[in-house]
>>> print(open('target-v1.txt').read())   # compact mmCIF, C-alpha atoms
# COMPACT_ATOMS: atom_id res chain seq x y z
CA MET A 8 -53.23 -166.27 -17.76
CA HIS A 9 -52.73 -169.98 -17.06
CA THR A 10 -51.46 -172.80 -19.20
CA GLU A 11 -54.20 -174.89 -17.63
CA HIS A 12 -57.70 -173.44 -17.76
CA THR A 13 -60.64 -174.74 -15.83
CA ALA A 14 -63.71 -172.73 -14.88
CA GLU A 15 -62.60 -173.08 -11.27
CA THR A 16 -58.95 -171.92 -11.56
CA CYS A 17 -60.06 -169.19 -13.88
CA LYS A 18 -62.64 -167.78 -11.50
CA LYS A 19 -60.17 -168.01 -8.63
CA ALA A 20 -57.56 -166.10 -10.63
CA ARG A 21 -60.05 -163.38 -11.51
CA LEU A 22 -61.14 -162.99 -7.90
CA ALA A 23 -57.52 -162.69 -6.77
CA VAL A 24 -56.87 -159.96 -9.33
CA GLN A 25 -60.09 -158.24 -8.26
CA ASP A 26 -59.00 -158.39 -4.61
CA THR A 27 -55.81 -156.54 -5.51
CA LEU A 28 -57.73 -153.99 -7.56
CA ASP A 29 -60.00 -153.38 -4.58
CA VAL A 30 -56.99 -152.74 -2.35
CA VAL A 31 -54.99 -150.39 -4.60
CA GLY A 32 -57.70 -149.13 -6.98
CA GLY A 33 -60.24 -146.39 -6.55
CA LYS A 34 -59.65 -142.69 -6.50
CA TRP A 35 -57.47 -142.20 -3.42
CA LYS A 36 -55.57 -145.33 -2.38
CA LEU A 37 -52.66 -144.75 -4.72
CA VAL A 38 -52.42 -141.07 -3.82
CA LEU A 39 -52.28 -141.93 -0.11
CA LEU A 40 -49.77 -144.76 -0.61
CA THR A 41 -47.53 -142.39 -2.56
CA ILE A 42 -47.63 -139.66 0.07
CA LEU A 43 -46.97 -142.11 2.90
CA MET A 44 -44.01 -143.60 1.01
CA HIS A 45 -42.27 -140.34 1.88
CA GLY A 46 -42.85 -140.87 5.57
CA LYS A 47 -45.51 -140.83 8.25
CA ARG A 48 -48.11 -138.09 8.28
CA ARG A 49 -50.67 -136.70 10.67
CA PHE A 50 -54.31 -136.87 9.70
CA ARG A 51 -54.52 -133.16 8.93
CA GLU A 52 -51.31 -133.23 6.89
CA LEU A 53 -52.61 -136.13 4.81
CA SER A 54 -55.92 -134.41 4.29
CA ARG A 55 -54.21 -131.25 3.08
CA GLU A 56 -51.52 -132.90 0.92
CA ALA A 57 -53.95 -135.25 -0.78
CA GLY A 58 -56.77 -132.73 -1.01
CA ILE A 59 -59.27 -135.14 0.55
CA THR A 60 -62.06 -134.17 2.88
CA PRO A 61 -61.63 -135.54 6.44
CA ARG A 62 -64.72 -137.68 6.03
CA ILE A 63 -63.49 -139.54 2.94
CA LEU A 64 -59.91 -139.69 4.22
CA SER A 65 -61.08 -141.33 7.41
CA LYS A 66 -62.91 -144.03 5.45
CA GLU A 67 -59.96 -144.63 3.10
CA LEU A 68 -57.47 -144.91 5.97
CA GLN A 69 -59.74 -147.31 7.79
CA GLU A 70 -59.81 -149.59 4.76
CA MET A 71 -56.05 -149.39 4.36
CA GLU A 72 -55.61 -150.19 8.05
CA MET A 73 -57.95 -153.19 7.75
CA ASN A 74 -55.88 -154.40 4.82
CA GLY A 75 -52.72 -154.12 6.91
CA LEU A 76 -51.12 -151.46 4.71
CA VAL A 77 -51.26 -148.55 7.15
CA SER A 78 -50.62 -148.26 10.88
CA ARG A 79 -52.35 -145.71 13.10
CA THR A 80 -50.59 -144.29 16.14
CA VAL A 81 -52.21 -142.03 18.70
CA CYS A 82 -49.53 -139.67 19.98
CA ASP A 83 -49.40 -138.44 23.55
CA THR A 84 -49.47 -134.76 22.64
CA ARG A 85 -51.78 -131.87 23.44
CA PRO A 86 -54.05 -131.86 21.63
CA VAL A 87 -53.87 -135.56 20.79
CA THR A 88 -52.58 -136.18 17.27
CA VAL A 89 -52.87 -139.32 15.17
CA GLU A 90 -50.08 -140.43 12.88
CA TYR A 91 -50.37 -142.73 9.91
CA ALA A 92 -47.49 -144.70 8.40
CA LEU A 93 -47.01 -147.50 5.92
CA THR A 94 -46.51 -150.94 7.48
CA PRO A 95 -43.74 -153.36 6.49
CA TYR A 96 -46.50 -155.46 4.91
CA SER A 97 -47.29 -152.66 2.47
CA GLU A 98 -43.90 -153.33 0.88
CA THR A 99 -45.24 -156.63 -0.46
CA LEU A 100 -47.18 -154.47 -2.95
CA LYS A 101 -43.92 -153.40 -4.54
CA GLU A 102 -43.93 -156.10 -7.22
CA VAL A 103 -47.52 -155.29 -8.22
CA LEU A 104 -46.94 -151.53 -8.31
CA ASP A 105 -43.68 -151.95 -10.23
CA ALA A 106 -45.38 -154.15 -12.85
CA MET A 107 -48.20 -151.60 -13.17
CA GLU A 108 -45.72 -148.75 -13.44
CA HIS A 109 -43.72 -150.44 -16.20
CA TRP A 110 -46.79 -151.42 -18.20
CA GLY A 111 -48.30 -147.96 -17.80
CA GLN A 112 -45.11 -146.33 -19.07
CA GLN A 113 -44.83 -148.47 -22.17
CA HIS A 114 -48.59 -148.15 -22.79
CA ARG A 115 -48.40 -144.36 -22.71
CA ARG A 116 -45.52 -144.45 -25.19
CA LYS A 117 -47.49 -146.79 -27.44
CA ILE A 118 -50.70 -144.75 -27.34
CA ILE A 119 -48.97 -141.40 -27.79
CA GLY A 120 -46.64 -142.86 -30.43
CA GLY A 121 -49.75 -143.80 -32.42
CA SER A 122 -50.93 -147.29 -33.22
CA MET B 9 -40.99 -147.67 -5.18
CA HIS B 10 -37.68 -146.15 -6.27
CA THR B 11 -34.31 -146.03 -4.63
CA GLU B 12 -34.12 -142.45 -5.88
CA HIS B 13 -37.05 -140.21 -5.04
CA THR B 14 -37.69 -136.86 -6.60
CA ALA B 15 -41.05 -135.13 -6.85
CA GLU B 16 -40.82 -135.58 -10.60
CA THR B 17 -40.00 -139.31 -10.81
CA CYS B 18 -42.50 -139.94 -8.08
CA LYS B 19 -45.35 -138.21 -9.88
CA LYS B 20 -44.42 -139.95 -13.11
CA ALA B 21 -44.49 -143.34 -11.39
CA ARG B 22 -47.87 -142.64 -9.86
CA LEU B 23 -49.33 -141.55 -13.19
CA ALA B 24 -48.03 -144.71 -14.87
CA VAL B 25 -49.64 -146.90 -12.22
CA GLN B 26 -52.85 -144.89 -12.57
CA ASP B 27 -52.79 -145.40 -16.35
CA THR B 28 -52.68 -149.15 -15.81
CA LEU B 29 -55.47 -148.99 -13.24
CA ASP B 30 -57.57 -147.07 -15.73
CA VAL B 31 -57.03 -149.76 -18.36
CA VAL B 32 -57.72 -152.87 -16.25
CA GLY B 33 -59.72 -151.39 -13.37
CA GLY B 34 -63.38 -150.56 -13.09
CA LYS B 35 -66.29 -152.92 -12.88
CA TRP B 36 -66.11 -154.74 -16.22
CA LYS B 37 -62.67 -154.69 -17.85
CA LEU B 38 -61.40 -157.71 -15.97
CA VAL B 39 -64.59 -159.69 -16.57
CA LEU B 40 -64.39 -159.02 -20.30
CA LEU B 41 -60.67 -159.81 -20.50
CA THR B 42 -61.28 -163.11 -18.72
CA ILE B 43 -64.12 -164.14 -21.05
CA LEU B 44 -62.15 -163.19 -24.16
CA MET B 45 -59.12 -165.17 -22.94
CA HIS B 46 -61.21 -168.23 -23.76
CA GLY B 47 -61.65 -167.11 -27.34
CA LYS B 48 -63.42 -164.57 -29.52
CA ARG B 49 -67.04 -163.70 -28.87
CA ARG B 50 -69.88 -161.98 -30.67
CA PHE B 51 -71.33 -158.86 -29.12
CA ARG B 52 -74.50 -160.63 -27.99
CA GLU B 53 -72.55 -163.55 -26.53
CA LEU B 54 -70.35 -161.17 -24.54
CA SER B 55 -73.34 -159.25 -23.32
CA ARG B 56 -75.02 -162.43 -22.11
CA GLU B 57 -71.96 -164.11 -20.59
CA ALA B 58 -70.83 -161.01 -18.75
CA GLY B 59 -74.32 -159.89 -17.80
CA ILE B 60 -73.73 -156.38 -19.16
CA THR B 61 -76.31 -154.23 -20.89
CA PRO B 62 -75.50 -153.56 -24.57
CA ARG B 63 -75.09 -149.88 -23.87
CA ILE B 64 -72.40 -150.31 -21.22
CA LEU B 65 -70.74 -153.18 -23.08
CA SER B 66 -70.41 -151.04 -26.17
CA LYS B 67 -68.66 -148.30 -24.18
CA GLU B 68 -66.33 -150.75 -22.44
CA LEU B 69 -65.35 -152.48 -25.69
CA GLN B 70 -64.68 -149.13 -27.33
CA GLU B 71 -62.27 -148.21 -24.55
CA MET B 72 -60.56 -151.58 -24.77
CA GLU B 73 -60.25 -151.19 -28.54
CA MET B 74 -58.77 -147.71 -28.13
CA ASN B 75 -56.24 -149.16 -25.72
CA GLY B 76 -55.29 -151.82 -28.27
CA LEU B 77 -56.44 -154.74 -26.13
CA VAL B 78 -59.40 -155.86 -28.22
CA SER B 79 -59.96 -156.20 -31.97
CA ARG B 80 -63.35 -155.76 -33.61
CA THR B 81 -64.21 -157.69 -36.76
CA VAL B 82 -67.36 -157.17 -38.79
CA CYS B 83 -68.30 -160.55 -40.28
CA ASP B 84 -69.89 -160.93 -43.68
CA THR B 85 -72.93 -162.81 -42.43
CA ARG B 86 -76.67 -162.19 -42.56
CA PRO B 87 -77.48 -160.42 -40.41
CA VAL B 88 -74.07 -158.80 -39.97
CA THR B 89 -72.33 -159.96 -36.78
CA VAL B 90 -69.44 -158.33 -34.97
CA GLU B 91 -66.76 -160.39 -33.29
CA TYR B 92 -64.43 -159.28 -30.55
CA ALA B 93 -61.11 -160.90 -29.72
CA LEU B 94 -58.05 -160.15 -27.63
CA THR B 95 -55.11 -158.70 -29.55
CA PRO B 96 -51.52 -159.95 -29.28
CA TYR B 97 -50.80 -156.67 -27.47
CA SER B 98 -53.19 -157.65 -24.68
CA GLU B 99 -50.70 -160.37 -23.75
CA THR B 100 -48.31 -157.68 -22.53
CA LEU B 101 -50.68 -157.34 -19.56
CA LYS B 102 -49.76 -160.86 -18.43
CA GLU B 103 -47.01 -159.74 -16.06
CA VAL B 104 -49.28 -157.17 -14.41
CA LEU B 105 -52.21 -159.56 -14.05
CA ASP B 106 -49.95 -162.34 -12.74
CA ALA B 107 -48.46 -160.03 -10.11
CA MET B 108 -51.97 -158.92 -9.08
CA GLU B 109 -53.17 -162.51 -8.93
CA HIS B 110 -50.28 -163.62 -6.71
CA TRP B 111 -50.61 -160.69 -4.35
CA GLY B 112 -54.38 -161.10 -4.17
CA GLN B 113 -54.01 -164.77 -3.27
CA GLN B 114 -51.53 -164.20 -0.47
CA HIS B 115 -53.52 -161.21 0.77
CA ARG B 116 -56.70 -163.27 1.03
CA ARG B 117 -54.79 -165.92 3.00
CA LYS B 118 -53.36 -163.26 5.30
CA ILE B 119 -56.70 -161.54 5.92
CA ILE B 120 -58.65 -164.76 6.42
CA GLY B 121 -55.81 -166.26 8.48
CA GLY B 122 -56.17 -163.31 10.84
CA SER B 123 -53.57 -160.68 11.53
>>> encode(input="target-v1.txt", output="structure tokens")
Amino acid sequence: MHTEHTAETCKKARLAVQDTLDVVGGKWKLVLLTILMHGKRRFRELSREAGITPRILSKELQEMEMNGLVSRTVCDTRPVTVEYALTPYSETLKEVLDAMEHWGQQHRRKIIGGS
Amino acid sequence: MHTEHTAETCKKARLAVQDTLDVVGGKWKLVLLTILMHGKRRFRELSREAGITPRILSKELQEMEMNGLVSRTVCDTRPVTVEYALTPYSETLKEVLDAMEHWGQQHRRKIIGGS
């Protein structure tokens, strides 16, 4: 991926790509990002819309919060509700997701078109 | 990710991103792509360099071949050897991998820098 290859730059590049894969990859991250792009959701709403058990959802949201992609707001209601929303920082993923979307589209055409 | 959101375009976008994740994600794809960027390799060399068992490597390479990223050449040697190399098509992934590398780098700085 570089014009200049050294073992060092190469390893660094691979780790950076892997970091991104860890943040957006896996079974649920993309599903949750997509739902939250439409607006904030309560925990129960997210669980139902995504079809994720509360236990797994809780873990996924925690990771996304740690990575700065999702904010968690405890609302002063009765009973207490917790709302999740995408942060402004999550928008920095746009370039990555766009590139993946474009490549995925052309790849599907290529594979279905026959090679 | 779009200025215009419909359930349909949104689902299509998510599937395209997922397709790309399926092609470059997982535990080994990126490792193998990185090794092969340095030049073609024999099966045994790949297995040793990547630290993958022959069984898993064989499955991974088959998927990469099906996706048009890797070519497989049986060499007329004794004993027969099989060489794997990246295809010209694999270069179309450059934009995706570059975007992931850049985001991963800035994300690491942000997370380590403290938020």
>>> closest_atom_pairs(input="target-v1.txt", of="chain B", to="chain A", cutoff="6 Å", atoms="all atoms listed in the file", output="CSV")
residue,atom,partner,partner_atom,distance
B:Ala21,CA,A:Glu108,CA,5.9
B:Ala24,CA,A:Gly111,CA,4.4
B:Val25,CA,A:Glu108,CA,4.5
B:Asp27,CA,A:Gly111,CA,5.4
B:Thr28,CA,A:Gly111,CA,5.0
B:Val104,CA,A:Ala106,CA,5.2
B:Ala107,CA,A:Val103,CA,5.2
B:Met108,CA,A:Val24,CA,5.0
B:Glu109,CA,A:Val24,CA,4.5
B:Gly112,CA,A:Ala23,CA,4.4
B:Gln113,CA,A:Ala23,CA,5.4
>>> residues_around(input="target-v1.txt", residues="Leu69 of chain B", least_positions_apart="6", cutoff="9 Å", atoms="all atoms listed in the file", output="JSON, numbers by chain")
{"B": [37, 40, 78, 80, 92]}
>>> atom_distance(input="target-v1.txt", atom1="atom CA of Arg85 of chain A", atom2="atom CA of Glu67 of chain A")
25.4 Å
>>> residues_around(input="target-v1.txt", residues="Cys82 of chain A", least_positions_apart="3", cutoff="12 Å", atoms="all atoms listed in the file", output="list in words")
Arg48, Arg49, Phe50, Arg79, Arg85, Pro86, Val87, Thr88, Val89, Glu90 and Tyr91 of chain A
